[in-house]
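Here the structure comes first, spelled out in C-alpha cells, and everything after it is commentary.
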Amino acid sequence: MAEPLVGKPVPRPQAKQFVRGRGRYTDDVRVAGALHAAFLRSPYAHARIDAIDLDGARKAPGVVAVFDGKAIGAVCRDWTTRFATLPQHRSAPQPALAVERALWQGQPVAVVIAESRALAEDALGQIAIEWGELEPLADPVAALSSPPLHPELGSNMAFELSLTVGDPDGVFARADRVVRRRLKFARQTGVPLEPRSILAEFDPGLRRLTVYQSTQVPHQMRAIYAELLGLSEADVRVVVPDVGGAFGVKLHLYDDEITAVAASVLLGRPVKFISDRMEAFVADIHARAHTVDAAIAVKQDGAVLGFAVDDLAEIGAYSIYPRTSMGEGLHALTMAGAPYAAPALRGRLRAVFQNKAMVGSYRGVGQPIACTITEFLIDAAASELGIDPAQMRRANYRRPGTDPSRTAGGIEVGDLSHRECLERMLRLMDYERLRAEQAAARKAGRHIGIGFATFVEMTAPGTGLYGAAGVDIACSDGCTLRLEPSGRVTCITSASDQGQGADTGMAQLIADTLGLPFDHVRLIAGDTAVTPVGGGTWASRGLVVGGEAALQAANALRERLIGIAAALLKVDRSALALSESAVRESAGTRAMSLAELGDMMHFRQNLLPPGVEASPMVTTHSVPGAAYLMANGIQASLVELDPDSGFVKPLRHWVVEDCGRVINPLLADEQLRGGVIQGLGAALFEECRYDEHGQLQNATLADYLVPMASEMPDVVVEHVCTPVPGTLLGAKGLGEAGAIGAGAAFLNAVNDALRPFGGEITEIPCTPERVLRALKRVP
C-alpha cells in the first residue's frame, strides 16, 4: 500500500510552471478587439470639479470613447456599504467615477478607452478640467471636529463602539501597577507582485458579461457586477487566471475596475484595465492606520487584571464595499488581550472618514494591531515589575477548561494551546542560553534584543459573519469530483489558490482518500460558470473550508465506487477498500481498477447492476459551523541594534504554531514564513506617508520600502497539533498567523535592546529616525 500523502511536504506542481515564466495572468489573456482603459485621477485630496471638457481627448489618435462619472452612472449605479449586524456603521453612496467632488488623491474622475494603453494615457492630457481645491481632512483627530466630508451623515464618525466587560474601573483602581502607552501604527498597503487587473467582455446581443479578473473572490464579484449593472447573475461569468499575490487587496470592489466593466457594457467591446504601480499606491486599499491609547492593570506578582484600549482608526473617504472598513478596528478592539485570562476590558473604537484612500482587509485585518497592543503591554509591565517576559506570559495564559472560552472582547476562542507552544518555543530557541549570550554581548558593546509575541488567529469564519449582516458573501465552499474514464479524478472547487498551495493540499486529501497517485488528481478553480458557489480565498479559509468540502466529496465518491464494485464482485462492501488506483478485496486478490469503473460509469452503464448509483460525479458543500476556528501560537524575534545609526538588523525569528492537523508541512511553513516577512515589513519599513494636505509622499517602490532578501532573517518553524473536533479535516487556518505576531515580536525585541539605554519605541515602523529619537540622539 502506498504511503499516505497527507502530512508529507509535497511541493506545489505549479511552482515549476511559474519559475519558468509559464504563468497565465489576466494581462496575458487576449480577446479579439480589446480596448484599453486609462484613468484621469484627482491630483487633490479634496476638490470640487467645477468643469470638465472631454472633447479634446475624444479627438486624440486611437481613442474610441471618453466617459465621465455621469456617463458611467447611466449603466452602473452607485453603491453604499451596509452591514446589518453593525447598525451604527455609516457610509455614503459611492460612484464609479467622481461626480462634482473628488474625495482623495487618486480618485478616478474620467476614463479614456483607446486602442492601446499608451494611446489612452496620451489622451488623458487632452482632458480639460477646472478644480476648486477644498480643505482636506488629513488628520484623524482633526476630522472628529471638522465639517463632515459627507454632509448627509452629519459628522465624520463612520463607526463608534464602546465595550465594558467585567469591572474595569474597579480593576484599574485596585491594581498594584497600571502601565499606559500611546501606540501608533502607520498606514500600509499590500503591494502584490501582480497589480489589480481586469478584462471585461460584454455581449450586447445576449446581454452576457464575461470578466477575467485577478481577484480572490470570483463569486462575490459576479454578484456585485450583476447587482450594480442591472444584469442577471446567471448572465455574468467571472474567470480568474493565475493570480500573482493578493493579501486581501483583491477582495474588494474598486471604482476603476467596475468602470472598465461599465465601459464594456456601453461600448459592446472588450475593455482591459491593468493598474500600474503608481496608481496602486493611491487606489488600492490601505490598512492599519491606528492611534491607540492602551493600558494594562497588573498585580505586583505579575497577574494581569485587565486591559483598556481606545482606538482611533482611519478608514478613508468611504467604507470599502462590500465588507466595510470596520474589520481593522473591530478586531483590534475585540481581540485585545485574547491569549490571557484577564477578566476586565474597557474598550472604545472610533473610525473616522478622511480624504485618503479607503482602508480594507489586508493580511490579518486588525489582528496584528490587537497582538501588538497586548504583547507590548505584557512586555512593558514585565519590565517594570522585574519579571521575565516568558514567565509573565506563562502565568497569565488562559487555562483550558478553567477560564471562559470567550475573550473579554466577546470572541469565542475555545481551548488554546499557548502553554504548550511557549514551552516548545523556549526549547526551540534555547532561551536560557540566548539570554546568557545577550548579557555577554551587552558587556562587549553589542546591543541584542529578544522579543516574544503570543497570538490568536481567527480563521475560516462561519456564515454568521456575512450572512447575518445581509451581505452576499459565501462563507461555504463547494467541491465536485468527477471520476474520469481513465480512472483519474477531476476536482472542481470554489476554493481558489493564489500561491498558498491550497490546491496541492486538496489533491493530497483526495488522492489519499481514493487511493490514487498525487498526479492523478487534477484541479479546476476560478470560473463561476463551472465551479460551485463558494467564498474564495480570504481569512485563512482556503484549505480549511475547501479542503473539508473536497474530503467530504472524496468520501462520498469512495463509498459509491465501493458500492458498485461490491455489486459486481458479489462481496460485502465492508470487505473492500481503495488503494493503488483500484477497489480491492482486503483479504483477497480480486480488484477492479478505477479505470474499469470509470469506463463503465461513463460509457458502459449496461454492465452495472440495476439500482446502483452510477453517476461518476459527486458534489458537496462545506459550511463552517463555528463563528471562527481559532488557531494560536507564539513568535520570538532576535535583533541587533546599532545605537549610532539607529539601524536594526533582524538576526533570527522563531514561530511555534498550532493549526491542528498539518496537511502539508512544506506549504504550511512557507505560509508562516511569508507572513512573518510581511509582519517584519510593517515593523521595519512600510508606511504610506501623507502630508498635511492629504498628498501621498512615497508612491513608488523607491520610497515605499518593503523587505528585501538581505533583510530577511532565518525563520524557524515548528508545530503543535491539536486536532479540531467536529470536522473531517481536523485543521484550522494559518495563512495570517505569521503577519499577526511578527511585528509585535520584533517591536518587543527592539525595545528589549533599547531598555539599557532607557529608551522605548511606541510607533511602527521602527525607522532609524525613531530609534535615534528613542535614544535621545535626535530631537
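Residues in the C-alpha cells are numbered from 1 in each chain, the chains being A, B, ... in the order shown, and ligands are numbered from 1 in the order shown.
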
**OP:** Just the helix (DSSP H, G or I) stuff from segment 485-581 of chain A, please, per backbone DSSP, written as a VMD selection string.
**Re:** chain A and resid 502 to 514 518 to 520 542 to 569 573 to 575

**OP:** May I have the residues within 10 Å of segment 372-386 of chain A as a PyMOL selection string, using only C-alpha atoms and disregarding those fewer than 6 positions away in the same chain?
**Re:** chain A and resi 177-185+292-302+304+307-309+332-333+335-340+392-393+396+451-455+740-749+751-752+755+760+762

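You can rank A:Pro756, A:Gly464, A:Gly125, A:Gly244 by their closest distance to Gly56 of chain A using only C-alpha atoms, and at the top of that list sits A:Gly125.
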
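Between atom CA of Leu330 of chain A and atom CA of Arg348 of chain A the interatomic distance comes to 9.6 Å.
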
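The residue that comes closest to Ala582 of chain A, out of A:Gly633, A:Gly487, A:Gly646, A:Gly547 and on the basis of only C-alpha atoms, is A:Gly487.
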
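Of the listed residues A:Val240, A:Ala683, A:Thr259, A:Glu194, the one whose atoms come nearest to Lys70 of chain A is A:Thr259, with distances taken using only C-alpha atoms.
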
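Nearest to Ile562 of chain A of all the residues A:Thr324, A:Asn632, A:Gln438, A:Ser593 is A:Ser593, based on only C-alpha atoms.
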
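Remark: for Arg277 of chain A, the closest of the candidate residues A:Ala123, A:Leu228, A:Val191, A:Ala495 is A:Val191 (distances computed over only C-alpha atoms).
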
Original post:
Which residues come within 8 Å of Asp256 of chain A, counting only C-alpha atoms, excluding same-chain residues fewer than 5 positions away, as JSON, numbers by chain?
Top reply: {"A": [39, 96, 97, 108]}

Original post:
In Å to one decimal, how far is atom CA of Glu257 of chain A from atom CA of Leu103 of chain A?
Top reply: 17.9 Å
